Structure formats: structure tokens, C-alpha cells
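Colleague: Shown below is the structure under consideration.
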Protein chains: 2
Amino acid sequence: MNQKIVFERVIHNNFDDFISLVKQLAAYEKQDLPDRQAETRLKKDALSKTPRFEAYLVKEQEKIVGYFIYYMTYSSYLALPTLYIEDIFVIEGWRRTGIGKKMFEFCARQAKNRGCGRMEWCVYNWNIPAIKFYRELKATRLEKTYYRLDKKQIARLY
Amino acid sequence: MNQKIVFERVIHNNFDDFISLVKQLAAYEKQDLPDRQAETRLKKDALSKTPRFEAYLVKEQEKIVGYFIYYMTYSSYLALPTLYIEDIFVIEGWRRTGIGKKMFEFCARQAKNRGCGRMEWCVYNWNIPAIKFYRELKATRLEKTYYRLDKKQIARLY
């Protein structure tokens, strides 16, 4: 497929398109959608001088077909930053067309430019199409389990 | 147990103690130890004006009994930072004494002060004592799988 894919950094002008995609991913992952206050925070955190993450829209012939968010984490053993992909999403009807691969290639170039030792991300175990894609990408599946405390659980500890 | 636990931010003065503990954890997790160049990078990344992570030593009556490292990640759905614990380690002979709980309580206070929506971390699936501890902590086990690309795998993509 002869694709002309464009990666567009999320800025003020395209922020509404971005929010709309975040909500689509949240719905796909059966998570609560960000409310109005969360949208305001998201904008501040994305567009401040020291942004908490970097977000990109993915366009094919002016049509928005996906988005991704990453930020830097860190490996103490390597003593190098890791490019961690928090969200990655291709809209329905555009999956299995090679766009996901191009998004990973873009992130790989960013990881190189930032001097990262690794790229990492997580996938829900029910998301079989994504898992199949990561296997095709020849990514290494880590034998690790992820734990979380939410705000209420955190409050029990202080 | 009547413990007087002190949390000491890693700075120039105690950096050698910190490196020694990172190596102990790497050995415990059967990972490659940081080499001399990695040690230099680790120091720069910990102590620069915009540190890539925050590290603490844990002391009981002047004896160093553990350390932890965390940094901020981000949840797009919550639009809030997450306190992510990258390393957490209690030296042999001091495990199962309540020190781990106190380390999590310290991190919970930090998460509160930073306005985090979540605390997260990962554990190797073979680390049964740690998994038992996280269960006792009533943390939520996520049904997620962790993927990684190392430097060589990244280079295949750009």
C-alpha cells in the first residue's frame, strides 16, 4: 500500500481532534472517558513549556487515522531513558494497513534522537489484534506483572 | 517492631552507597550490572537540575537497608501524573520487617503532594515474595502485558 502518512504534533489548533481520539481509545478500552476538567488538565499538561507527555496525530491524506502519546521513563541498570508509549490507537477501518508499523518507526526515530536504551509499552491481555501486531514487530514480551494503586488506595497509605 | 526509618534523598555524598544498592538489585534480578560509564550517566541523571528520576536510601539506625527510585509517568484518561516506582529493594535479612510498607507509605505521601492519580510499578513473575507483599498491600494486579524493544530492536525500525 502506497501510503503518505503525516505525523502532526498536538498543539492548540488540533487539540479538539486529539481529545476526540483519546475518548475513542478510552471507549475501546472500556475505561471512563475524561471529563471536562480532565480535558483542561490534559491540554495544560500537553502544551506547557515542560509538557508531561508528547502527543501526535496521524494523518493520511488529511484524514486523522490515529494518535499516540509517549514520555520518557528510565532504566537504572542501563542508566538511559526509555521511550514509553502510553497510548497508541488506530481508528477502526484503518487497522492492519501498516499505519501502526509506521507509528512505531516514528517512535523508534524519536527514541534514537533522545538517546534511549529502550522502547516500552503495555497492552491489555484481551487486546488480541494488538498482541498479534507486537509479535509481528518482534517485540520482547516481558515476564512482568503490572500493579496499581488508585487515589483511594493511595490515601489508605498516608 | 519499633522501627525508626529514615529516608535520605540520593545526593553527591551518598551516591556510592546508592550505586552499590542498584548493583545488588541488578544481581538479585539477574540483570547486567551498570558499568563505569553507566554509573557516570546515572549520577548525572539523578543529580542534574532536571533529574530523570528521584532516588532515596532507606536507613534504620544509620544502616542502609534499602532504596527506591520513582519518576512521574502520565495517564491520559485521568489527565493526571502517576508516581511510577522503577526500583524498590530491601536488602536480605531486612525483608518481611515492615520496611517495604514504610517505603510505599513514603511514596504514597509523595504521590499525594504531586497530585498524582495513581501509583504503579511492575514485578518479575518469579519474584514470589514481592508478589505476596503487593497482594498484602491490596494493590490491583492489572491484566496487562509489558513489551520492550532494546537498542538493536529499535534500530531495525528506523
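By convention here, the chains of the C-alpha cells are called A, B, ... in the order presented, each chain's residues are numbered starting at 1, and ligands are numbered starting at 1 in the order presented.
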Given a cut-off of 7 Å, which residues of chain B touch chain A, counting only C-alpha atoms, written out as a ChimeraX atom specification?
Modeller: /B:26,33-34,38,41-42,52,74,76-79,105,108-109,117-125,139-151,154,157-158
Colleague: Run DSSP on the backbone of this structure and report the residues of segment 35-119 of chain A it assigns to strand (DSSP E or B), as a VMD selection string.
Modeller: chain A and resid 54 to 60 63 to 75 80 to 90 118 to 119
Colleague: Suppose we keep N, CA and C atoms; can you now write the selection as an mmCIF file, in the first residue's frame?
Modeller:
```
data_model
loop_
_atom_site.group_PDB
_atom_site.id
_atom_site.type_symbol
_atom_site.label_atom_id
_atom_site.label_comp_id
_atom_site.auth_asym_id
_atom_site.auth_seq_id
_atom_site.Cartn_x
_atom_site.Cartn_y
_atom_site.Cartn_z
ATOM 1 N N GLU A 54 4.321 13.809 25.121
ATOM 2 C CA GLU A 54 4.260 14.318 23.748
ATOM 3 C C GLU A 54 3.202 13.537 23.002
ATOM 4 N N ALA A 55 2.366 14.238 22.278
ATOM 5 C CA ALA A 55 1.261 13.601 21.575
ATOM 6 C C ALA A 55 1.315 13.956 20.098
ATOM 7 N N TYR A 56 0.968 12.991 19.256
ATOM 8 C CA TYR A 56 0.954 13.181 17.807
ATOM 9 C C TYR A 56 -0.338 12.640 17.210
ATOM 10 N N LEU A 57 -0.865 13.379 16.259
ATOM 11 C CA LEU A 57 -1.929 12.862 15.408
ATOM 12 C C LEU A 57 -1.296 12.222 14.180
ATOM 13 N N VAL A 58 -1.973 11.213 13.655
ATOM 14 C CA VAL A 58 -1.503 10.544 12.450
ATOM 15 C C VAL A 58 -2.539 10.791 11.366
ATOM 16 N N LYS A 59 -2.081 11.318 10.233
ATOM 17 C CA LYS A 59 -2.999 11.665 9.148
ATOM 18 C C LYS A 59 -2.604 10.947 7.864
ATOM 19 N N GLU A 60 -3.626 10.520 7.136
ATOM 20 C CA GLU A 60 -3.404 10.013 5.784
ATOM 21 C C GLU A 60 -4.311 10.814 4.862
ATOM 22 N N LYS A 63 -6.957 12.969 6.436
ATOM 23 C CA LYS A 63 -7.856 12.286 7.371
ATOM 24 C C LYS A 63 -7.060 11.821 8.595
ATOM 25 N N ILE A 64 -7.612 12.131 9.801
ATOM 26 C CA ILE A 64 -6.960 11.676 11.030
ATOM 27 C C ILE A 64 -7.286 10.204 11.231
ATOM 28 N N VAL A 65 -6.251 9.374 11.292
ATOM 29 C CA VAL A 65 -6.476 7.925 11.376
ATOM 30 C C VAL A 65 -5.947 7.322 12.677
ATOM 31 N N GLY A 66 -5.304 8.137 13.512
ATOM 32 C CA GLY A 66 -4.796 7.594 14.767
ATOM 33 C C GLY A 66 -4.052 8.640 15.568
ATOM 34 N N TYR A 67 -3.572 8.218 16.743
ATOM 35 C CA TYR A 67 -2.750 9.102 17.567
ATOM 36 C C TYR A 67 -1.866 8.259 18.478
ATOM 37 N N PHE A 68 -0.854 8.903 19.015
ATOM 38 C CA PHE A 68 -0.070 8.241 20.068
ATOM 39 C C PHE A 68 0.495 9.280 21.011
ATOM 40 N N ILE A 69 0.789 8.795 22.209
ATOM 41 C CA ILE A 69 1.369 9.604 23.292
ATOM 42 C C ILE A 69 2.571 8.844 23.819
ATOM 43 N N TYR A 70 3.675 9.538 24.033
ATOM 44 C CA TYR A 70 4.787 8.893 24.742
ATOM 45 C C TYR A 70 5.410 9.877 25.706
ATOM 46 N N TYR A 71 6.190 9.356 26.620
ATOM 47 C CA TYR A 71 7.005 10.175 27.523
ATOM 48 C C TYR A 71 8.256 9.371 27.857
ATOM 49 N N MET A 72 9.192 10.004 28.537
ATOM 50 C CA MET A 72 10.433 9.339 28.895
ATOM 51 C C MET A 72 10.316 8.707 30.283
ATOM 52 N N THR A 73 10.639 7.417 30.385
ATOM 53 C CA THR A 73 10.827 6.807 31.701
ATOM 54 C C THR A 73 12.341 6.568 31.842
ATOM 55 N N TYR A 74 12.756 5.618 32.639
ATOM 56 C CA TYR A 74 14.197 5.498 32.890
ATOM 57 C C TYR A 74 14.545 4.080 33.330
ATOM 58 N N SER A 75 15.682 3.585 32.862
ATOM 59 C CA SER A 75 16.224 2.320 33.354
ATOM 60 C C SER A 75 17.474 2.591 34.170
ATOM 61 N N LEU A 80 19.879 4.862 31.156
ATOM 62 C CA LEU A 80 19.429 5.521 29.929
ATOM 63 C C LEU A 80 17.917 5.717 29.997
ATOM 64 N N PRO A 81 17.431 6.797 29.347
ATOM 65 C CA PRO A 81 15.976 6.960 29.271
ATOM 66 C C PRO A 81 15.345 5.890 28.385
ATOM 67 N N THR A 82 14.079 5.630 28.657
ATOM 68 C CA THR A 82 13.261 4.708 27.859
ATOM 69 C C THR A 82 12.136 5.523 27.233
ATOM 70 N N LEU A 83 11.869 5.307 25.952
ATOM 71 C CA LEU A 83 10.677 5.927 25.357
ATOM 72 C C LEU A 83 9.497 5.013 25.654
ATOM 73 N N TYR A 84 8.571 5.507 26.496
ATOM 74 C CA TYR A 84 7.423 4.696 26.890
ATOM 75 C C TYR A 84 6.176 5.191 26.148
ATOM 76 N N ILE A 85 5.557 4.287 25.392
ATOM 77 C CA ILE A 85 4.335 4.634 24.648
ATOM 78 C C ILE A 85 3.138 4.376 25.553
ATOM 79 N N GLU A 86 2.489 5.461 25.967
ATOM 80 C CA GLU A 86 1.353 5.338 26.893
ATOM 81 C C GLU A 86 0.077 4.963 26.144
ATOM 82 N N ASP A 87 -0.210 5.689 25.071
ATOM 83 C CA ASP A 87 -1.382 5.401 24.234
ATOM 84 C C ASP A 87 -0.919 5.208 22.806
ATOM 85 N N ILE A 88 -1.535 4.284 22.095
ATOM 86 C CA ILE A 88 -1.334 4.178 20.649
ATOM 87 C C ILE A 88 -2.627 3.615 20.078
ATOM 88 N N PHE A 89 -3.166 4.308 19.075
ATOM 89 C CA PHE A 89 -4.514 3.994 18.623
ATOM 90 C C PHE A 89 -4.652 4.266 17.129
ATOM 91 N N VAL A 90 -5.200 3.296 16.417
ATOM 92 C CA VAL A 90 -5.565 3.466 15.003
ATOM 93 C C VAL A 90 -7.076 3.274 14.924
ATOM 94 N N ARG A 118 15.824 1.926 25.378
ATOM 95 C CA ARG A 118 14.691 1.015 25.179
ATOM 96 C C ARG A 118 13.442 1.769 24.740
ATOM 97 N N MET A 119 12.520 1.024 24.132
ATOM 98 C CA MET A 119 11.131 1.466 23.982
ATOM 99 C C MET A 119 10.276 0.441 24.728
#
```
Colleague: Taking only chain B into account, list the residues labelled alpha helix (DSSP H) by DSSP (computed from the backbone), as a ChimeraX atom specification.
Modeller: /B:15-28,36-47,99-113,128-136,151-155
Colleague: Just checking: using only C-alpha atoms, which residue out of A:Gln61, A:Arg96, A:Gln24, A:Thr50 ends up closest to Val6 of chain A?
Modeller: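 Of A:Gln61, A:Arg96, A:Gln24, A:Thr50, the one nearest Val6 of chain A is A:Gln61, counting only C-alpha atoms.
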Colleague: Ranking B:Glu29, B:Leu21, B:Asp16, B:Val10 by minimum distance to Ser48 of chain B and counting only C-alpha atoms, which one comes first?
Modeller: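 Closest to Ser48 of chain B, using only C-alpha atoms: B:Val10.
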